[in-house]
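Peer 1: One file: query-v5.json (JSON, C-alpha atoms).
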[["chain", "number", "residue", "atom", "x", "y", "z"],
["R", 1, "MET", "CA", 55.92, 7.29, -31.94],
["R", 2, "LYS", "CA", 57.11, 8.57, -28.59],
["R", 3, "ASN", "CA", 57.26, 6.32, -25.56],
["R", 4, "ILE", "CA", 53.62, 5.98, -24.55],
["R", 5, "THR", "CA", 53.94, 3.75, -21.52],
["R", 6, "ASN", "CA", 52.00, 5.14, -18.60],
["R", 7, "THR", "CA", 50.99, 2.90, -15.70],
["R", 8, "ARG", "CA", 48.56, 5.39, -14.14],
["R", 9, "GLY", "CA", 46.51, 5.85, -17.33],
["R", 10, "TYR", "CA", 45.66, 8.90, -19.37],
["R", 11, "MET", "CA", 43.07, 11.56, -18.77],
["R", 12, "ILE", "CA", 41.10, 12.72, -21.81],
["R", 13, "GLY", "CA", 43.08, 15.97, -22.11],
["R", 14, "GLU", "CA", 46.33, 14.04, -22.20],
["R", 15, "MET", "CA", 44.90, 11.70, -24.85],
["R", 16, "SER", "CA", 43.94, 14.74, -26.88],
["R", 17, "ARG", "CA", 47.38, 16.34, -26.57],
["R", 18, "LYS", "CA", 49.25, 13.14, -27.41],
["R", 19, "THR", "CA", 47.14, 12.28, -30.46],
["R", 20, "GLY", "CA", 46.02, 15.67, -31.71],
["R", 21, "VAL", "CA", 42.38, 14.52, -31.55],
["R", 22, "ASN", "CA", 39.92, 17.03, -30.11],
["R", 23, "ILE", "CA", 38.38, 16.07, -26.76],
["R", 24, "GLU", "CA", 34.84, 16.27, -28.17],
["R", 25, "THR", "CA", 35.91, 14.02, -31.04],
["R", 26, "ILE", "CA", 37.24, 11.45, -28.57],
["R", 27, "ARG", "CA", 33.88, 11.51, -26.77],
["R", 28, "TYR", "CA", 32.13, 11.13, -30.14],
["R", 29, "TYR", "CA", 34.26, 8.09, -30.98],
["R", 30, "GLU", "CA", 33.18, 6.59, -27.65],
["R", 31, "ARG", "CA", 29.50, 7.29, -28.38],
["R", 32, "ILE", "CA", 29.68, 5.58, -31.79],
["R", 33, "ALA", "CA", 31.67, 2.73, -30.22],
["R", 34, "ILE", "CA", 34.87, 2.82, -32.25],
["R", 35, "MET", "CA", 36.67, 3.79, -29.04],
["R", 36, "PRO", "CA", 35.88, 1.61, -26.04],
["R", 37, "LYS", "CA", 34.53, 3.36, -22.98],
["R", 38, "PRO", "CA", 37.42, 3.99, -20.60],
["R", 39, "ASP", "CA", 37.52, 3.14, -16.94],
["R", 40, "ARG", "CA", 36.60, 5.98, -14.58],
["R", 41, "THR", "CA", 38.52, 7.33, -11.63],
["R", 42, "GLU", "CA", 36.82, 7.60, -8.24],
["R", 43, "GLY", "CA", 36.10, 11.20, -9.21],
["R", 44, "GLY", "CA", 34.35, 10.07, -12.41],
["R", 45, "ASN", "CA", 37.06, 11.17, -14.84],
["R", 46, "ARG", "CA", 37.86, 9.06, -17.88],
["R", 47, "GLN", "CA", 41.03, 7.01, -17.44],
["R", 48, "TYR", "CA", 42.41, 5.58, -20.70],
["R", 49, "ASN", "CA", 45.04, 2.87, -21.04],
["R", 50, "VAL", "CA", 47.88, 2.40, -23.51],
["R", 51, "GLU", "CA", 45.80, 0.21, -25.82],
["R", 52, "GLN", "CA", 43.14, 2.90, -26.04],
["R", 53, "LEU", "CA", 45.83, 5.48, -26.80],
["R", 54, "LYS", "CA", 47.17, 3.29, -29.62],
["R", 55, "ARG", "CA", 43.64, 2.80, -30.93],
["R", 56, "LEU", "CA", 43.08, 6.56, -30.99],
["R", 57, "PHE", "CA", 46.32, 7.01, -32.97],
["R", 58, "PHE", "CA", 45.02, 4.34, -35.38],
["R", 59, "ILE", "CA", 41.70, 6.14, -35.79],
["R", 60, "ARG", "CA", 43.33, 9.54, -36.27],
["R", 61, "ARG", "CA", 45.76, 8.23, -38.87],
["R", 62, "SER", "CA", 42.95, 6.41, -40.69],
["R", 63, "ARG", "CA", 40.87, 9.60, -40.77],
["R", 64, "GLU", "CA", 43.88, 11.54, -42.10],
["R", 65, "LEU", "CA", 44.02, 9.02, -44.95],
["R", 66, "GLY", "CA", 40.37, 9.65, -45.68],
["R", 67, "PHE", "CA", 38.92, 6.39, -44.41],
["R", 68, "SER", "CA", 35.27, 6.73, -43.46],
["R", 69, "ILE", "CA", 33.99, 5.87, -40.01],
["R", 70, "ALA", "CA", 32.40, 2.74, -41.53],
["R", 71, "GLU", "CA", 35.73, 1.68, -43.04],
["R", 72, "ILE", "CA", 37.54, 2.32, -39.77],
["R", 73, "ARG", "CA", 34.89, 0.36, -37.90],
["R", 74, "ALA", "CA", 35.37, -2.57, -40.32],
["R", 75, "LEU", "CA", 39.14, -2.47, -39.86],
["R", 76, "LEU", "CA", 38.85, -2.28, -36.08],
["R", 77, "GLU", "CA", 36.35, -5.14, -35.98],
["R", 78, "MET", "CA", 38.82, -7.29, -37.88],
["R", 79, "VAL", "CA", 41.60, -6.30, -35.49],
["R", 80, "ASP", "CA", 39.45, -6.70, -32.36],
["R", 81, "GLN", "CA", 38.34, -10.19, -33.39],
["R", 82, "ASN", "CA", 41.89, -11.05, -34.49],
["R", 83, "ASP", "CA", 40.14, -12.45, -37.54],
["R", 84, "PHE", "CA", 41.73, -10.88, -40.58],
["R", 85, "SER", "CA", 44.39, -11.40, -43.15],
["R", 86, "CYS", "CA", 46.64, -8.83, -44.68],
["R", 87, "SER", "CA", 44.86, -9.61, -47.95],
["R", 88, "GLU", "CA", 41.50, -8.49, -46.48],
["R", 89, "VAL", "CA", 43.00, -5.24, -45.24],
["R", 90, "HIS", "CA", 44.65, -4.78, -48.64],
["R", 91, "ASP", "CA", 41.31, -5.29, -50.42],
["R", 92, "LEU", "CA", 39.56, -2.76, -48.19],
["R", 93, "THR", "CA", 42.37, -0.27, -48.84],
["R", 94, "VAL", "CA", 42.22, -0.84, -52.61],
["R", 95, "VAL", "CA", 38.49, -0.03, -52.55],
["R", 96, "HIS", "CA", 39.22, 3.09, -50.52],
["R", 97, "LEU", "CA", 41.92, 4.17, -52.99],
["R", 98, "ALA", "CA", 39.47, 3.79, -55.87],
["R", 99, "SER", "CA", 37.06, 6.07, -54.01],
["R", 100, "VAL", "CA", 39.83, 8.63, -53.46],
["R", 101, "LYS", "CA", 40.70, 8.54, -57.17],
["R", 102, "GLU", "CA", 37.04, 9.18, -58.06],
["R", 103, "LYS", "CA", 36.99, 12.17, -55.72],
["R", 104, "VAL", "CA", 40.22, 13.53, -57.24],
["R", 105, "ALA", "CA", 38.74, 13.21, -60.76],
["R", 106, "SER", "CA", 35.59, 14.99, -59.59],
["R", 107, "LEU", "CA", 37.65, 17.77, -58.01],
["R", 108, "LYS", "CA", 39.64, 18.18, -61.25],
["R", 109, "LYS", "CA", 36.36, 18.63, -63.17],
["R", 110, "LEU", "CA", 35.24, 21.15, -60.58],
["R", 111, "GLU", "CA", 38.55, 23.01, -60.88],
["R", 112, "LYS", "CA", 38.20, 23.16, -64.66],
["R", 113, "ALA", "CA", 34.61, 24.42, -64.48],
["R", 114, "LEU", "CA", 35.52, 27.14, -61.97],
["R", 115, "SER", "CA", 38.59, 28.17, -63.95],
["R", 116, "THR", "CA", 36.47, 28.48, -67.09],
["R", 117, "MET", "CA", 33.90, 30.61, -65.27],
["R", 118, "ILE", "CA", 36.61, 32.86, -63.85],
["R", 119, "ALA", "CA", 38.27, 33.24, -67.26],
["R", 120, "GLN", "CA", 34.93, 34.38, -68.77],
["R", 121, "CYS", "CA", 34.53, 37.13, -66.21],
["R", 122, "ASN", "CA", 35.98, 40.55, -67.00],
["R", 123, "ARG", "CA", 35.42, 41.81, -63.44],
["R", 124, "GLY", "CA", 33.39, 44.77, -64.68],
["R", 125, "ASP", "CA", 31.51, 47.28, -62.58],
["R", 126, "VAL", "CA", 28.12, 46.38, -64.02],
["R", 127, "PRO", "CA", 25.73, 43.80, -62.54],
["R", 128, "ASN", "CA", 26.04, 41.65, -65.67],
["R", 129, "CYS", "CA", 28.35, 38.79, -64.64],
["R", 130, "PRO", "CA", 29.09, 35.63, -66.64],
["R", 131, "ILE", "CA", 29.74, 33.69, -63.43],
["R", 132, "VAL", "CA", 26.25, 34.45, -62.12],
["R", 133, "ASP", "CA", 24.79, 33.74, -65.57],
["R", 134, "THR", "CA", 26.52, 30.36, -65.66],
["R", 135, "LEU", "CA", 25.21, 29.48, -62.19],
["R", 136, "PHE", "CA", 21.66, 30.31, -63.32],
["R", 137, "GLU", "CA", 21.92, 28.15, -66.44],
["R", 138, "MET", "CA", 19.49, 25.27, -66.58],
["R", 139, "ALA", "CA", 21.59, 22.30, -67.58]]
Go ahead and express the file in the form of structure tokens.
Peer 2:
Amino acid sequence: MKNITNTRGYMIGEMSRKTGVNIETIRYYERIAIMPKPDRTEGGNRQYNVEQLKRLFFIRRSRELGFSIAEIRALLEMVDQNDFSCSEVHDLTVVHLASVKEKVASLKKLEKALSTMIAQCNRGDVPNCPIVDTLFEMA
């Protein structure tokens, strides 16, 4: 990570540029309380600190790895309360990985079903289409 020390604080646009998180998403994270509300300048603008910047990086990276908001909230609560063990984080991550594997298996089934439908279609010029017929099947 680049040097992120900034004594004056960060405006929301700068937070967005540094982390790659959309401004509206940052505001959303504040509304659902996984990002703490920042201080405000005299002009009313949000003024974030280094810890909030790090937290936003944490949230973004967690989302990239497919963690749900609830899972991120649980991780952040552990961190915020300084009441966690590496084993607890490991267990939460193992559960998340199992969920990811289930989704991958489901996507593989979906891929197979779509591939089968496509293979059955001869791309003719008549309105009789095996893909449409398959979608209308009552299973």
Peer 1: Rounded to one decimal, what separation in Å do you get between atom CA of R:Asn49 and atom CA of R:Ser85?
Peer 2: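 Taking atom CA of R:Asn49 and atom CA of R:Ser85, their separation equals 26.3 Å.
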Peer 1: Can you tell me which residues surround R:Ile131 at a distance of at most 12 Å, considering only C-alpha atoms, apart from same-chain residues fewer than 2 positions away, and format the answer as number ranges by chain?
Peer 2: R: 113-124, 127-129, 133-137
Peer 1: Hey, what's within 12 Å of R:Met15 if we count all atoms listed in the file and toss same-chain stuff fewer than 3 positions away? As an MDAnalysis selection string, please?
Peer 2: chainID R and resid 4 6 9:12 18:27 38 46:57 60
Peer 1: Tell me, in Å to one decimal, how far atom CA of R:Ser68 is from atom CA of R:Gly13.
Peer 2: 24.5 Å
Peer 1: For atom CA of R:Glu71 and atom CA of R:Val89, determine how far apart the two atoms are, in Å to one decimal place.
Peer 2: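 Taking atom CA of R:Glu71 as the start and atom CA of R:Val89 as the end point, the length is 10.3 Å.
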Peer 1: Centre and edge lengths of an axis-aligned box around all listed atoms of stretch 106-122 of chain R, with 8 Å added on each side, are to be given in Å to one decimal, as lines of an AutoDock Vina configuration file.
Peer 2:
center_x = 36.8
center_y = 27.8
center_z = -63.4
size_x = 21.7
size_y = 41.6
size_z = 26.8
